[in-house]
Amino acid sequence: MKTKKLINNPDNIIEEMLEGVLAAHPDHLYQIESSPRAIVAKNGPRQGKVGLMIGGGSGHEPTFLGFVGKGLADAAAIGNVFASPPPDPALACAKAIDGGEGVLFMYGNYAGDVMNFDMAAEMAAMDDIEVRTVLTTDDVASAPIENRSERRGVAGNFFIFKAAGAACDKMLSFDECERVAIKANDHTYTMGVALGPCSLPHTLKPNFELGDDEMEIGLGIHGEPGVERGKLRSADEVTDALLDRILDEMSPSKGDRVAVLVNSLGSTSLMELYVINRRVKQRLDDINVDIHASWVGPYCTSLEMAGASITLHHLDGELTELLQHPCDCAMFRAG
Amino acid sequence: MNSLSSEQLVAMFNAMADSMKSSIDHLCELDGAIGDADHGVTMSLGFEAVRGALAELDPQQAPPTVVFNTAAKSFLAAVGASAGPLYATAFMRAATAVKEQETLDAAAMAKVVEAMVDGIRHRGKAEAGDKTMLDAWIPAAQAANQAPADTSLPELMRQVAQAANAGAESTIGMQAKKGRSAKLGARSVGHMDAGAASTALLLNAASQFVVTTFGSH
């Protein structure tokens with residue numbers, strides 16, 4: 001059985017989405033004419049500022065293009081559904097946002113993205129643009145802590161990009177922006193749970209199978225299998241299971257502060273997300289961890305996948321200041 | 001001596017594009033079991049872009065090296081993903097390997113297969129046994145390398161395709177060490193790697209094209 005989607009020709013789906021995004025956000029975004037998969041912030045890139053490029057496959061909206069704007073990312077390179085963009089749009093982004101101080105590439109740690117963005121970085125170097133790369137690796141379920149650098153980047157991108165974007169916007173040096181980006185990644189932990197699959201526009205077939213009464217913890221945002229499949233449990237029990245893994249690694253002290261992201265993978269409702277968020281607050285209150293701020297909603301989706309993820313961003317003075325720094329993006333505003 | 005002209009090389013690419021197009025669902029299902037389910041879509045988009053770019057070439061004026069370079073650029077510009085850089089690098093290496101050739105005989109095709117494998121290995125930094133497309137490509141290159149000097153082109157391609165088939169089958173028992181499925185550890189065992197599966201399909205399509213063109217001897 002085929003899934004239902006409101007689409008036209010699937011071959012044109014990314015172009016048609018971008019056309020719609022640009023129509024909705026003409027004050028924030030523009031498209032590079034010679035490289036239409038390169039989406040750049042109208043305000044933001046400027047001389048003397050380190051440029052921040054983010055990017056990856058489509059299907060995770062508002063990640064990545066929704067976080068392009070002043071105070072956050074300067075540009076995004078957009079791939080096909082769940083597939084890294086080729087080097088060309090990343091190179092076009094780098095050229096468009098280079099302010100003479102270098103360009104930071106930030107994206108989730110996936111083999112395809114690394115190969116394409118590394119090729120783009122090599123090409124940028126030939127044009128005298130220095131590119132440095134910080135990969136996001138916040139998905140706790142995707143590898144043991146000893147192999148943190150092998151982990152995937154998922155919804156925690158939101159906090160990691162936010163910190164790096166703020167550092168760039170404050171005109172910090174390339175070294176400082178890179179340091180902050182690495183630190184923000186090290187302070188960010190995500191755990192997700194899937195209740196049902198999504199389907200690619202080209203195949204209209206579920207990308208994995210899950211029983212009617214089952215859930216899978218740790219499943220990736222492209223449907224990559226997770227760490228534990230079992231019977232669906234209550235919101236509180238699932239929230240506890242996700243938080244236990246996060247807190248075990250983060251090991252916060254009493255009085256520590258965190259920012260919280262409760263994210264929908266696509267079709268899970270805000271109602272359910274707020275129920276989860278209520279439990280997150282109870283659990284953090286119990287251990288005297290302060291919530292500095294919370295975001296609840298679809299921030300890093302996986303098309304119409306059912307499920308949610310919880311991210312904690314372990315704050316200190318510097319990360320708090322960067323989180324509060326104003327930004328004005330197409331699909332996200334702060335300060 | 002059988003030898004592929006540029007025009008026939010373009011037709012061989014089209015046969016591979018047909019094979020990818022008819023395998024979208026099959027490859028997406030394999031990828032979905034242990035990866036992100038995009039592989040069939042990605043491979044087909046890439047080879048359709050190659051088909052389009054090669055249609056613009058005048059095969060009378062374009063030697064095989066230009067055909068491979070055009071394939072590399074169009075594939076990479078169209079898809080990205082992991083297949084993009086891997087196949088683009090492979091086609092670029094093939095283009096270099098046949099720079100002086102007007103046509104491709106069995107010896108030249110053996111060089112093409114070996115050069116492609118070197119390119120894939122260099123770009124993806126994977127090795128044999130990592131459960132990737134290399135587990136089909138490496139045996140294919142070995143078959144090409146070990147074929148006696150008097151092997152005909154159809155026979156060479158048939159041996160290359162058979163080696164790739166066996167290589168793809170062998171990935172079922174492997175635990176992934178590269179790519180998305182590497183995150184699964186032992187759970188990746190029992191599924192064929194989608195990249196190795198598409199390699200086998202491509203080389204079978206190429207082999208069938210050569211056999212159809214020249215007969216089986």
# chains A, B, ... in the order shown; residues from 1 in each chain; ligands from 1

call {"tool": "closest_atom_pairs", "arguments": {"of": "chain A", "to": "chain B", "cutoff": "6 Å", "atoms": "only C-alpha atoms", "output": "tab-separated table"}}
result
residue	atom	partner	partner_atom	distance
A:Ala83	CA	B:Ala81	CA	4.4
A:Ser84	CA	B:Ala81	CA	4.2
A:Pro85	CA	B:Gly80	CA	4.6
A:Pro86	CA	B:Gly80	CA	3.6
A:Ala111	CA	B:Gly179	CA	5.3
A:Gly112	CA	B:Ser82	CA	3.7
A:Ser142	CA	B:Lys183	CA	5.7
A:Asn207	CA	B:Gly32	CA	5.4
A:His222	CA	B:Asp36	CA	4.9
A:Gly223	CA	B:Asp36	CA	5.6
A:Glu224	CA	B:Gly35	CA	5.0

call {"tool": "write_last_selection", "arguments": {"atoms": "C-alpha atoms", "output": "PDB file, in the first residue's frame"}}
result
ATOM      1  CA  ALA A  83      20.683  12.670   1.013  1.00  0.00           C
ATOM      2  CA  SER A  84      23.624  15.003   1.377  1.00  0.00           C
ATOM      3  CA  PRO A  85      23.845  17.865  -1.109  1.00  0.00           C
ATOM      4  CA  PRO A  86      26.683  17.630  -3.630  1.00  0.00           C
ATOM      5  CA  ALA A 111      29.331   9.584   5.832  1.00  0.00           C
ATOM      6  CA  GLY A 112      27.744  11.121   2.724  1.00  0.00           C
ATOM      7  CA  SER A 142      24.008   6.049  17.980  1.00  0.00           C
ATOM      8  CA  ASN A 207      10.972   3.158   5.420  1.00  0.00           C
ATOM      9  CA  HIS A 222      16.372   8.826   8.632  1.00  0.00           C
ATOM     10  CA  GLY A 223      14.819   5.666  10.037  1.00  0.00           C
ATOM     11  CA  GLU A 224      18.136   4.033  10.916  1.00  0.00           C
TER      12      GLU A 224
END

call {"tool": "select_by_dssp", "arguments": {"residues": "stretch 46-267 of chain A", "states": "helix (DSSP H, G or I)", "output": "MDAnalysis selection string"}}
result
chainID A and resid 65:67 87:97 111:126 140:142 145:150 157:169 174:186 235:250

call {"tool": "closest_residue", "arguments": {"among": "A:Pro144, A:Gly56, A:Gly156, A:Pro62", "to": "A:Val114", "atoms": "only C-alpha atoms"}}
result
A:Gly56

call {"tool": "residues_around", "arguments": {"residues": "A:Gly335", "least_positions_apart": "3", "cutoff": "8 Å", "atoms": "only C-alpha atoms", "output": "PyMOL selection string"}}
result
chain A and resi 324-327

call {"tool": "write_last_selection", "arguments": {"atoms": "N, CA and C atoms", "output": "PDB file, in the first residue's frame"}}
result
ATOM      1  N   GLN A 324      21.101  33.235  24.480  1.00  0.00           N
ATOM      2  CA  GLN A 324      20.240  34.422  24.576  1.00  0.00           C
ATOM      3  C   GLN A 324      20.503  35.443  23.484  1.00  0.00           C
ATOM      4  N   HIS A 325      21.628  35.299  22.806  1.00  0.00           N
ATOM      5  CA  HIS A 325      21.976  36.260  21.758  1.00  0.00           C
ATOM      6  C   HIS A 325      20.858  36.284  20.717  1.00  0.00           C
ATOM      7  N   PRO A 326      20.415  37.480  20.295  1.00  0.00           N
ATOM      8  CA  PRO A 326      19.283  37.538  19.372  1.00  0.00           C
ATOM      9  C   PRO A 326      19.578  36.890  18.017  1.00  0.00           C
ATOM     10  N   CYS A 327      18.564  36.304  17.430  1.00  0.00           N
ATOM     11  CA  CYS A 327      18.678  35.836  16.047  1.00  0.00           C
ATOM     12  C   CYS A 327      17.327  36.005  15.382  1.00  0.00           C
TER      13      CYS A 327
END

call {"tool": "residues_around", "arguments": {"residues": "stretch 93-110 of chain A", "least_positions_apart": "6", "cutoff": "8 Å", "atoms": "only C-alpha atoms", "output": "VMD selection string"}}
result
(chain A and resid 38 to 40 45 to 56 74 to 77 117 124 129 to 137 150 to 154 157 161 173 to 174 178) or (chain B and resid 179 to 180)

call {"tool": "residues_around", "arguments": {"residues": "stretch 244-251 of chain A", "least_positions_apart": "4", "cutoff": "10 Å", "atoms": "only C-alpha atoms", "output": "number ranges by chain"}}
result
A: 139-141, 145, 186-191, 238-240, 256, 283-284, 310-314

call {"tool": "residues_around", "arguments": {"residues": "stretch 206-215 of chain B", "least_positions_apart": "4", "cutoff": "7 Å", "atoms": "only C-alpha atoms", "output": "list of chain:residue names"}}
result
B:Asn2, B:Met12, B:Ala15, B:Met16, B:Pro154, B:Met157, B:Arg158, B:Ala161, B:Leu202

call {"tool": "atom_distance", "arguments": {"atom1": "atom CA of A:Ala235", "atom2": "atom CA of A:Ser294"}}
result
18.0 Å

call {"tool": "residues_around", "arguments": {"residues": "A:Val275", "least_positions_apart": "3", "cutoff": "12 Å", "atoms": "only C-alpha atoms", "output": "MDAnalysis selection string"}}
result
chainID A and resid 234:239 262 268:272 278:282 296:297 308

call {"tool": "write_last_selection", "arguments": {"atoms": "C-alpha atoms", "output": "compact mmCIF listing (two decimals), in the first residue's frame"}}
result
# COMPACT_ATOMS: atom_id res chain seq x y z
CA SER A 234 3.21 5.54 28.61
CA ALA A 235 4.54 9.03 27.93
CA ASP A 236 6.07 9.22 31.41
CA GLU A 237 7.78 5.85 31.12
CA VAL A 238 9.20 6.66 27.69
CA THR A 239 10.32 10.12 28.82
CA VAL A 262 11.20 18.44 23.04
CA THR A 268 3.52 13.42 16.77
CA SER A 269 1.23 16.14 18.12
CA LEU A 270 2.11 19.17 20.21
CA MET A 271 -0.26 17.80 22.83
CA GLU A 272 1.92 14.72 23.26
CA ARG A 278 5.77 18.15 31.72
CA ARG A 279 7.54 14.95 32.73
CA VAL A 280 10.94 16.39 31.75
CA LYS A 281 10.27 19.33 34.11
CA GLN A 282 9.23 17.00 36.95
CA VAL A 296 8.60 22.34 22.26
CA GLY A 297 7.60 21.59 18.67
CA ALA A 308 9.77 12.51 19.47

call {"tool": "atom_distance", "arguments": {"atom1": "atom CA of A:Leu72", "atom2": "atom CA of A:Ala155"}}
result
15.7 Å

call {"tool": "closest_residue", "arguments": {"among": "B:Thr199, B:Gln146, B:Gln60, B:Ser170", "to": "B:Met116", "atoms": "only C-alpha atoms"}}
result
B:Thr199

call {"tool": "atom_distance", "arguments": {"atom1": "atom CA of A:Asn116", "atom2": "atom CA of A:Asn80"}}
result
13.0 Å

call {"tool": "decode", "arguments": {"residues": "stretch 21-56 of chain A", "atoms": "N, CA and C atoms", "output": "CSV table (one decimal), in the first residue's frame"}}
result
chain,number,residue,atom,x,y,z
A,21,VAL,N,9.3,28.2,0.1
A,21,VAL,CA,10.0,28.8,1.3
A,21,VAL,C,10.4,30.3,0.9
A,22,LEU,N,11.0,30.4,-0.3
A,22,LEU,CA,11.4,31.8,-0.6
A,22,LEU,C,10.2,32.7,-0.8
A,23,ALA,N,9.1,32.2,-1.2
A,23,ALA,CA,7.9,33.0,-1.3
A,23,ALA,C,7.4,33.5,0.1
A,24,ALA,N,7.6,32.6,1.1
A,24,ALA,CA,7.1,32.9,2.4
A,24,ALA,C,8.1,33.8,3.2
A,25,HIS,N,9.4,33.7,2.9
A,25,HIS,CA,10.4,34.4,3.7
A,25,HIS,C,11.3,35.3,2.8
A,26,PRO,N,10.7,36.2,2.0
A,26,PRO,CA,11.5,37.0,1.1
A,26,PRO,C,12.5,37.9,1.9
A,27,ASP,N,12.1,38.3,3.1
A,27,ASP,CA,12.9,39.2,3.8
A,27,ASP,C,14.1,38.6,4.5
A,28,HIS,N,14.1,37.2,4.6
A,28,HIS,CA,15.1,36.5,5.3
A,28,HIS,C,16.1,35.8,4.4
A,29,LEU,N,15.6,35.2,3.3
A,29,LEU,CA,16.4,34.3,2.5
A,29,LEU,C,16.4,34.7,1.0
A,30,TYR,N,17.6,34.3,0.4
A,30,TYR,CA,17.6,34.3,-1.1
A,30,TYR,C,18.3,33.1,-1.6
A,31,GLN,N,18.1,32.8,-2.9
A,31,GLN,CA,18.7,31.6,-3.5
A,31,GLN,C,19.8,32.1,-4.4
A,32,ILE,N,20.9,31.4,-4.4
A,32,ILE,CA,22.0,31.8,-5.4
A,32,ILE,C,21.6,31.3,-6.8
A,33,GLU,N,21.5,32.2,-7.7
A,33,GLU,CA,21.0,31.9,-9.0
A,33,GLU,C,21.7,30.8,-9.7
A,34,SER,N,23.0,30.8,-9.6
A,34,SER,CA,23.8,29.8,-10.4
A,34,SER,C,23.8,28.5,-9.6
A,35,SER,N,23.3,28.5,-8.4
A,35,SER,CA,23.4,27.2,-7.5
A,35,SER,C,22.1,27.2,-6.6
A,36,PRO,N,21.0,26.9,-7.2
A,36,PRO,CA,19.7,27.1,-6.5
A,36,PRO,C,19.5,26.3,-5.2
A,37,ARG,N,20.4,25.3,-5.0
A,37,ARG,CA,20.3,24.6,-3.7
A,37,ARG,C,21.1,25.3,-2.6
A,38,ALA,N,21.6,26.5,-2.9
A,38,ALA,CA,22.4,27.3,-1.9
A,38,ALA,C,21.5,28.4,-1.4
A,39,ILE,N,21.1,28.3,-0.2
A,39,ILE,CA,20.1,29.3,0.4
A,39,ILE,C,20.9,30.2,1.4
A,40,VAL,N,20.8,31.5,1.2
A,40,VAL,CA,21.7,32.4,2.0
A,40,VAL,C,20.8,33.5,2.7
A,41,ALA,N,21.3,33.9,3.9
A,41,ALA,CA,20.6,34.9,4.7
A,41,ALA,C,20.8,36.3,4.0
A,42,LYS,N,19.7,37.0,4.0
A,42,LYS,CA,19.8,38.4,3.4
A,42,LYS,C,20.6,39.3,4.3
A,43,ASN,N,20.3,39.2,5.6
A,43,ASN,CA,21.1,39.9,6.6
A,43,ASN,C,22.0,38.9,7.3
A,44,GLY,N,23.1,39.2,7.7
A,44,GLY,CA,24.0,38.3,8.4
A,44,GLY,C,25.4,38.2,7.9
A,45,PRO,N,25.6,37.7,6.7
A,45,PRO,CA,27.0,37.6,6.2
A,45,PRO,C,27.5,39.0,6.0
A,46,ARG,N,28.7,39.3,6.5
A,46,ARG,CA,29.3,40.6,6.4
A,46,ARG,C,30.8,40.5,6.6
A,47,GLN,N,31.5,41.5,6.1
A,47,GLN,CA,33.0,41.6,6.1
A,47,GLN,C,33.5,41.5,7.5
A,48,GLY,N,34.5,40.7,7.7
A,48,GLY,CA,35.1,40.6,9.1
A,48,GLY,C,34.5,39.6,10.0
A,49,LYS,N,33.4,39.0,9.5
A,49,LYS,CA,32.7,38.0,10.3
A,49,LYS,C,33.0,36.6,9.8
A,50,VAL,N,33.2,35.6,10.7
A,50,VAL,CA,33.3,34.2,10.3
A,50,VAL,C,31.9,33.8,9.7
A,51,GLY,N,31.9,33.2,8.6
A,51,GLY,CA,30.6,32.7,8.0
A,51,GLY,C,30.3,31.3,8.6
A,52,LEU,N,29.0,31.1,8.8
A,52,LEU,CA,28.5,29.8,9.2
A,52,LEU,C,27.6,29.2,8.2
A,53,MET,N,28.1,28.0,7.6
A,53,MET,CA,27.2,27.3,6.7
A,53,MET,C,26.8,26.0,7.4
A,54,ILE,N,25.5,25.7,7.3
A,54,ILE,CA,24.9,24.4,7.7
A,54,ILE,C,24.3,23.7,6.5
A,55,GLY,N,24.0,22.5,6.7
A,55,GLY,CA,23.4,21.8,5.6
A,55,GLY,C,23.2,20.3,5.7
A,56,GLY,N,22.6,19.7,4.8
A,56,GLY,CA,22.4,18.3,4.8
A,56,GLY,C,21.2,17.9,3.9
